[in-house]
file input_27.cif (mmCIF, C-alpha atoms)
data_upload
#
loop_
_atom_site.group_PDB
_atom_site.id
_atom_site.type_symbol
_atom_site.label_atom_id
_atom_site.label_comp_id
_atom_site.auth_asym_id
_atom_site.auth_seq_id
_atom_site.Cartn_x
_atom_site.Cartn_y
_atom_site.Cartn_z
ATOM 1 C CA ASP A 258 7.053 34.553 -15.935
ATOM 2 C CA LYS A 259 9.763 32.273 -17.314
ATOM 3 C CA ALA A 260 10.716 30.973 -13.870
ATOM 4 C CA ASN A 261 7.139 29.687 -13.385
ATOM 5 C CA PRO A 262 5.813 29.003 -16.899
ATOM 6 C CA LYS A 263 2.613 27.200 -15.882
ATOM 7 C CA LEU A 264 -0.562 28.046 -14.004
ATOM 8 C CA ASP A 265 -3.395 25.891 -12.696
ATOM 9 C CA ALA A 266 -6.413 27.648 -11.217
ATOM 10 C CA ARG A 267 -10.044 27.076 -10.358
ATOM 11 C CA MET A 268 -12.478 29.633 -11.726
ATOM 12 C CA ARG A 269 -15.550 30.910 -9.852
ATOM 13 C CA ASP A 270 -17.904 28.622 -11.764
ATOM 14 C CA GLY A 271 -15.764 25.573 -10.888
ATOM 15 C CA SER A 272 -14.061 25.346 -14.286
ATOM 16 C CA ARG A 273 -10.368 24.505 -14.317
ATOM 17 C CA LEU A 274 -7.910 26.781 -16.054
ATOM 18 C CA HIS A 275 -4.506 25.558 -17.185
ATOM 19 C CA ALA A 276 -2.029 27.891 -18.865
ATOM 20 C CA ILE A 277 1.488 27.111 -20.021
ATOM 21 C CA MET A 278 4.009 29.290 -21.813
ATOM 22 C CA ALA A 279 7.539 29.400 -23.201
ATOM 23 C CA PRO A 280 10.027 27.957 -22.546
ATOM 24 C CA LEU A 281 7.737 24.934 -22.078
ATOM 25 C CA THR A 282 5.729 25.694 -25.236
ATOM 26 C CA VAL A 283 7.620 25.565 -28.507
ATOM 27 C CA ASN A 284 5.368 26.658 -31.353
ATOM 28 C CA VAL A 285 3.059 29.114 -29.527
ATOM 29 C CA PRO A 286 3.836 31.787 -26.936
ATOM 30 C CA ILE A 287 1.100 30.586 -24.569
ATOM 31 C CA ALA A 288 -1.492 27.802 -24.469
ATOM 32 C CA VAL A 289 -4.621 28.130 -22.326
ATOM 33 C CA THR A 290 -7.133 25.373 -21.620
ATOM 34 C CA ILE A 291 -10.391 25.762 -19.713
ATOM 35 C CA ARG A 292 -12.139 22.565 -18.657
ATOM 36 C CA ARG A 293 -15.758 22.955 -17.652
ATOM 37 C CA HIS A 294 -16.925 20.208 -15.357
ATOM 38 C CA ARG A 295 -20.623 19.472 -15.300
ATOM 39 C CA ILE A 296 -22.193 17.041 -12.904
ATOM 40 C CA VAL A 297 -24.825 15.235 -14.931
ATOM 41 C CA ALA A 298 -25.310 12.220 -12.669
ATOM 42 C CA ARG A 299 -25.671 12.366 -8.908
ATOM 43 C CA THR A 300 -27.095 8.872 -8.417
ATOM 44 C CA LEU A 301 -26.896 5.432 -9.964
ATOM 45 C CA GLU A 302 -30.498 5.962 -11.089
ATOM 46 C CA ASP A 303 -29.336 9.059 -12.997
ATOM 47 C CA LEU A 304 -26.762 6.897 -14.775
ATOM 48 C CA THR A 305 -29.452 4.404 -15.796
ATOM 49 C CA LYS A 306 -31.726 7.195 -17.075
ATOM 50 C CA LEU A 307 -28.833 8.499 -19.177
ATOM 51 C CA GLY A 308 -28.249 5.008 -20.585
ATOM 52 C CA THR A 309 -24.735 4.887 -19.140
ATOM 53 C CA ILE A 310 -25.403 1.690 -17.182
ATOM 54 C CA THR A 311 -28.211 -0.847 -17.045
ATOM 55 C CA PRO A 312 -30.512 -1.188 -14.018
ATOM 56 C CA LEU A 313 -28.805 -4.522 -13.279
ATOM 57 C CA ALA A 314 -25.371 -2.837 -13.304
ATOM 58 C CA ALA A 315 -26.721 -0.100 -11.014
ATOM 59 C CA GLU A 316 -27.950 -2.710 -8.541
ATOM 60 C CA PHE A 317 -24.606 -4.546 -8.699
ATOM 61 C CA LEU A 318 -22.744 -1.281 -7.982
ATOM 62 C CA ARG A 319 -25.125 -0.393 -5.133
ATOM 63 C CA ILE A 320 -24.439 -3.795 -3.526
ATOM 64 C CA ALA A 321 -20.668 -3.334 -4.022
ATOM 65 C CA VAL A 322 -20.729 0.155 -2.483
ATOM 66 C CA GLN A 323 -22.977 -0.790 0.433
ATOM 67 C CA GLY A 324 -20.891 -3.938 0.927
ATOM 68 C CA ARG A 325 -17.898 -1.603 1.440
ATOM 69 C CA LEU A 326 -15.817 -3.003 -1.420
ATOM 70 C CA ASN A 327 -12.860 -0.861 -2.475
ATOM 71 C CA LEU A 328 -13.630 0.396 -5.979
ATOM 72 C CA VAL A 329 -11.567 1.965 -8.766
ATOM 73 C CA VAL A 330 -13.131 3.978 -11.599
ATOM 74 C CA ALA A 331 -10.719 4.025 -14.551
ATOM 75 C CA GLY A 332 -11.026 5.919 -17.807
ATOM 76 C CA GLY A 333 -9.527 8.476 -20.108
ATOM 77 C CA THR A 334 -9.781 12.251 -19.868
ATOM 78 C CA ALA A 335 -13.392 13.511 -19.944
ATOM 79 C CA SER A 336 -14.783 9.942 -19.921
ATOM 80 C CA GLY A 337 -17.132 10.583 -16.976
ATOM 81 C CA LYS A 338 -15.048 9.181 -14.114
ATOM 82 C CA THR A 339 -16.063 11.965 -11.714
ATOM 83 C CA ASN A 340 -19.770 11.615 -12.510
ATOM 84 C CA PHE A 341 -19.509 7.863 -12.022
ATOM 85 C CA LEU A 342 -17.674 8.302 -8.699
ATOM 86 C CA ASN A 343 -20.299 10.827 -7.534
ATOM 87 C CA ALA A 344 -23.105 8.397 -8.292
ATOM 88 C CA MET A 345 -21.362 5.512 -6.531
ATOM 89 C CA SER A 346 -20.514 7.660 -3.491
ATOM 90 C CA ASN A 347 -24.119 8.754 -3.167
ATOM 91 C CA ALA A 348 -25.172 5.078 -3.087
ATOM 92 C CA ALA A 349 -23.351 4.572 0.225
ATOM 93 C CA ALA A 350 -25.296 4.135 3.442
ATOM 94 C CA GLU A 351 -26.252 7.171 5.495
ATOM 95 C CA GLY A 352 -24.109 7.768 8.553
ATOM 96 C CA ASP A 353 -20.749 7.050 6.909
ATOM 97 C CA ARG A 354 -18.005 9.640 7.407
ATOM 98 C CA PHE A 355 -16.581 10.620 4.009
ATOM 99 C CA ILE A 356 -13.140 12.149 3.583
ATOM 100 C CA ILE A 357 -12.723 13.370 0.005
ATOM 101 C CA VAL A 358 -9.213 14.021 -1.306
ATOM 102 C CA GLU A 359 -8.756 15.906 -4.596
ATOM 103 C CA ASP A 360 -6.279 18.228 -6.227
ATOM 104 C CA THR A 361 -9.192 20.154 -7.742
ATOM 105 C CA PRO A 362 -12.525 20.041 -5.870
ATOM 106 C CA GLU A 363 -15.075 18.435 -8.206
ATOM 107 C CA LEU A 364 -16.890 15.713 -6.289
ATOM 108 C CA GLN A 365 -20.317 16.517 -4.881
ATOM 109 C CA VAL A 366 -21.244 13.858 -2.370
ATOM 110 C CA ASP A 367 -24.722 14.433 -0.955
ATOM 111 C CA LYS A 368 -24.136 12.981 2.492
ATOM 112 C CA GLU A 369 -24.281 14.451 5.979
ATOM 113 C CA ASP A 370 -20.703 13.859 7.209
ATOM 114 C CA VAL A 371 -18.352 14.935 4.409
ATOM 115 C CA VAL A 372 -14.937 16.571 4.768
ATOM 116 C CA GLN A 373 -13.314 17.714 1.508
ATOM 117 C CA LEU A 374 -9.533 18.113 1.408
ATOM 118 C CA THR A 375 -7.672 19.744 -1.468
ATOM 119 C CA THR A 376 -4.004 20.051 -2.330
ATOM 120 C CA ARG A 377 -2.053 23.256 -2.006
ATOM 121 C CA GLU A 378 1.127 24.317 -3.745
ATOM 122 C CA GLY A 379 3.910 25.532 -1.525
ATOM 123 C CA ALA A 380 4.717 29.207 -1.226
ATOM 124 C CA GLU A 381 7.242 31.295 0.614
ATOM 125 C CA ASP A 382 5.183 31.281 3.808
ATOM 126 C CA ALA A 383 3.039 28.174 3.301
ATOM 127 C CA GLU A 384 3.833 24.474 3.199
ATOM 128 C CA ALA A 385 2.763 22.430 0.181
ATOM 129 C CA TYR A 386 0.194 19.669 0.673
ATOM 130 C CA THR A 387 0.184 16.908 -1.936
ATOM 131 C CA MET A 388 -2.424 14.234 -2.583
ATOM 132 C CA ALA A 389 -0.184 11.756 -0.731
ATOM 133 C CA ASP A 390 -0.022 14.129 2.275
ATOM 134 C CA LEU A 391 -3.798 14.460 2.309
ATOM 135 C CA ILE A 392 -4.351 10.687 2.161
ATOM 136 C CA ILE A 393 -2.241 10.404 5.320
ATOM 137 C CA GLU A 394 -4.288 13.216 6.919
ATOM 138 C CA ALA A 395 -7.512 11.466 5.897
ATOM 139 C CA LEU A 396 -6.409 8.269 7.650
ATOM 140 C CA ARG A 397 -6.137 10.263 10.902
ATOM 141 C CA MET A 398 -9.710 11.566 10.624
ATOM 142 C CA ARG A 399 -11.615 8.348 11.445
ATOM 143 C CA PRO A 400 -12.895 7.865 7.917
ATOM 144 C CA ASP A 401 -15.549 5.343 7.059
ATOM 145 C CA ARG A 402 -14.749 6.056 3.419
ATOM 146 C CA ILE A 403 -11.862 7.792 1.685
ATOM 147 C CA ILE A 404 -12.845 9.019 -1.764
ATOM 148 C CA THR A 405 -9.897 10.034 -3.951
ATOM 149 C CA GLY A 406 -10.479 12.004 -7.132
ATOM 150 C CA GLU A 407 -7.881 11.618 -9.874
ATOM 151 C CA ALA A 408 -5.192 9.530 -8.207
ATOM 152 C CA ARG A 409 -2.280 9.727 -10.624
ATOM 153 C CA GLY A 410 0.908 9.944 -8.601
ATOM 154 C CA PRO A 411 2.546 8.586 -5.457
ATOM 155 C CA GLU A 412 -0.757 8.916 -3.564
ATOM 156 C CA VAL A 413 -1.944 5.739 -5.313
ATOM 157 C CA VAL A 414 0.445 3.769 -3.089
ATOM 158 C CA ASP A 415 -1.012 5.410 0.041
ATOM 159 C CA VAL A 416 -4.582 4.672 -1.088
ATOM 160 C CA LEU A 417 -3.701 1.030 -1.757
ATOM 161 C CA MET A 418 -1.881 0.705 1.565
ATOM 162 C CA ALA A 419 -4.911 2.132 3.400
ATOM 163 C CA ALA A 420 -7.191 -0.353 1.634
ATOM 164 C CA ASN A 421 -4.808 -3.164 2.471
ATOM 165 C CA THR A 422 -4.876 -2.270 6.191
ATOM 166 C CA GLY A 423 -8.625 -2.556 6.584
ATOM 167 C CA HIS A 424 -9.926 0.858 5.497
ATOM 168 C CA ASP A 425 -12.632 -0.651 3.330
ATOM 169 C CA GLY A 426 -15.174 1.202 1.229
ATOM 170 C CA GLN A 427 -12.632 3.376 -0.540
ATOM 171 C CA MET A 428 -13.318 4.690 -4.015
ATOM 172 C CA LEU A 429 -10.967 6.429 -6.404
ATOM 173 C CA THR A 430 -10.548 7.452 -10.001
ATOM 174 C CA VAL A 431 -7.457 6.814 -12.094
ATOM 175 C CA HIS A 432 -6.528 7.745 -15.634
ATOM 176 C CA ALA A 433 -6.322 4.635 -17.803
ATOM 177 C CA ASN A 434 -7.520 4.114 -21.344
ATOM 178 C CA LEU A 435 -7.137 0.330 -21.365
ATOM 179 C CA ALA A 436 -9.301 -1.673 -18.959
ATOM 180 C CA PRO A 437 -6.661 -4.287 -18.012
ATOM 181 C CA TYR A 438 -4.082 -1.663 -17.019
ATOM 182 C CA PRO A 439 -5.404 -0.740 -13.550
ATOM 183 C CA ALA A 440 -6.299 -4.319 -12.650
ATOM 184 C CA LEU A 441 -2.695 -5.405 -13.141
ATOM 185 C CA HIS A 442 -1.426 -3.036 -10.463
ATOM 186 C CA PHE A 443 -3.971 -3.247 -7.637
ATOM 187 C CA PRO A 444 -3.912 -5.790 -4.798
ATOM 188 C CA PRO A 445 -6.841 -8.170 -4.234
ATOM 189 C CA ARG A 446 -8.626 -5.818 -1.778
ATOM 190 C CA ILE A 447 -9.354 -3.407 -4.655
ATOM 191 C CA ALA A 448 -12.157 -4.254 -7.106
#

call {"tool": "encode", "arguments": {"input": "input_27.cif", "output": "structure tokens"}}
result
Amino acid sequence: DKANPKLDARMRDGSRLHAIMAPLTVNVPIAVTIRRHRIVARTLEDLTKLGTITPLAAEFLRIAVQGRLNLVVAGGTASGKTNFLNAMSNAAAEGDRFIIVEDTPELQVDKEDVVQLTTREGAEDAEAYTMADLIIEALRMRPDRIITGEARGPEVVDVLMAANTGHDGQMLTVHANLAPYPALHFPPRIA
């Protein structure tokens, strides 16, 4: 309807549907996009087999993850950020408590203690929960690691603040097509 001219939904197979219509569209009555997300790499070894990274890079990343460095995966749309984050997350030591925060559940961390949180739009009888809200909730859940998928709004500040207060071992993805862009905006505790 014209009062709510957009729709974001998750389909049964995990694909993401986005639809937008007039008055937000100008030259077409409605535009629909379906993004199919396929996990092709669950481990750093998978990334080396695919030729995405070298064995030396995989070992460097394993040391960084197990050393509990805070890591940012930056890239453009459909560049493989989620696959990369999955592989890095799965390189973490067993026994860590993972809190995953996403607006659309995509990450598949193969660890024992994983809690996945997802955003919710507000409705007449239900409060909205944003990424920023969920980061705050995650901090209350005794996380060893907070993994944030697609940080692209005010939640970035909360993630950085958490990292700056000693919550090490965080990992997140951000949209950025130029490598220097993210590095200019993150404090020293983020690699």

call {"tool": "atom_distance", "arguments": {"input": "input_27.cif", "atom1": "CA of Tyr386 in chain A", "atom2": "CA of Glu412 in chain A"}}
result
11.6 Å

call {"tool": "resolve_selection", "arguments": {"input": "input_27.cif", "expression": "the PyMOL selection byres ((chain A and resi 426-428) around 8)", "output": "VMD selection string"}}
result
chain A and resid 322 324 to 330 342 346 401 to 405 420 424 to 425 429 to 430

call {"tool": "atom_distance", "arguments": {"input": "input_27.cif", "atom1": "CA of Val416 in chain A", "atom2": "CA of Asp390 in chain A"}}
result
11.0 Å

call {"tool": "residues_near_point", "arguments": {"input": "input_27.cif", "point": "(-6.8, 18.2, -3.8)", "cutoff": "9 Å", "atoms": "only C-alpha atoms", "output": "list in words"}}
result
Ile357, Val358, Glu359, Asp360, Thr361, Pro362, Gln373, Leu374, Thr375, Thr376, Arg377, Tyr386, Thr387, Met388, Leu391, Thr405 and Gly406 of chain A

call {"tool": "atom_distance", "arguments": {"input": "input_27.cif", "atom1": "CA of Gly333 in chain A", "atom2": "CA of Ile291 in chain A"}}
result
17.3 Å

call {"tool": "resolve_selection", "arguments": {"input": "input_27.cif", "expression": "the PyMOL selection byres ((chain A and resi 272) around 9)", "output": "PyMOL selection string"}}
result
chain A and resi 266-271+273-274+291-295

call {"tool": "resolve_selection", "arguments": {"input": "input_27.cif", "expression": "the PyMOL selection byres ((chain A and resi 370) around 10)", "output": "PyMOL selection string"}}
result
chain A and resi 351-356+366-369+371-372+400-401

call {"tool": "closest_residue", "arguments": {"input": "input_27.cif", "among": "A:Gly337, A:His432, A:Glu302, A:Pro411", "to": "Ala314 in chain A", "atoms": "only C-alpha atoms"}}
result
A:Glu302

call {"tool": "closest_residue", "arguments": {"input": "input_27.cif", "among": "A:Ala433, A:Ala344, A:Ala408, A:Leu364", "to": "Ile310 in chain A", "atoms": "only C-alpha atoms"}}
result
A:Ala344

call {"tool": "residues_near_point", "arguments": {"input": "input_27.cif", "point": "(6.7, 31.1, -26.8)", "cutoff": "12 Å", "atoms": "only C-alpha atoms", "output": "mmCIF file with C-alpha atoms, keeping the file's coordinate frame"}}
result
data_model
loop_
_atom_site.group_PDB
_atom_site.id
_atom_site.type_symbol
_atom_site.label_atom_id
_atom_site.label_comp_id
_atom_site.auth_asym_id
_atom_site.auth_seq_id
_atom_site.Cartn_x
_atom_site.Cartn_y
_atom_site.Cartn_z
ATOM 1 C CA ASP A 258 7.053 34.553 -15.935
ATOM 2 C CA LYS A 259 9.763 32.273 -17.314
ATOM 3 C CA PRO A 262 5.813 29.003 -16.899
ATOM 4 C CA ILE A 277 1.488 27.111 -20.021
ATOM 5 C CA MET A 278 4.009 29.290 -21.813
ATOM 6 C CA ALA A 279 7.539 29.400 -23.201
ATOM 7 C CA PRO A 280 10.027 27.957 -22.546
ATOM 8 C CA LEU A 281 7.737 24.934 -22.078
ATOM 9 C CA THR A 282 5.729 25.694 -25.236
ATOM 10 C CA VAL A 283 7.620 25.565 -28.507
ATOM 11 C CA ASN A 284 5.368 26.658 -31.353
ATOM 12 C CA VAL A 285 3.059 29.114 -29.527
ATOM 13 C CA PRO A 286 3.836 31.787 -26.936
ATOM 14 C CA ILE A 287 1.100 30.586 -24.569
ATOM 15 C CA ALA A 288 -1.492 27.802 -24.469
#

call {"tool": "axis_aligned_box", "arguments": {"input": "input_27.cif", "around": "range 330-341 of chain A", "padding_each_side": "4 Å", "output": "JSON"}}
result
{"center_x": -14.6, "center_y": 8.7, "center_z": -15.9, "size_x": 18.2, "size_y": 17.5, "size_z": 16.5}
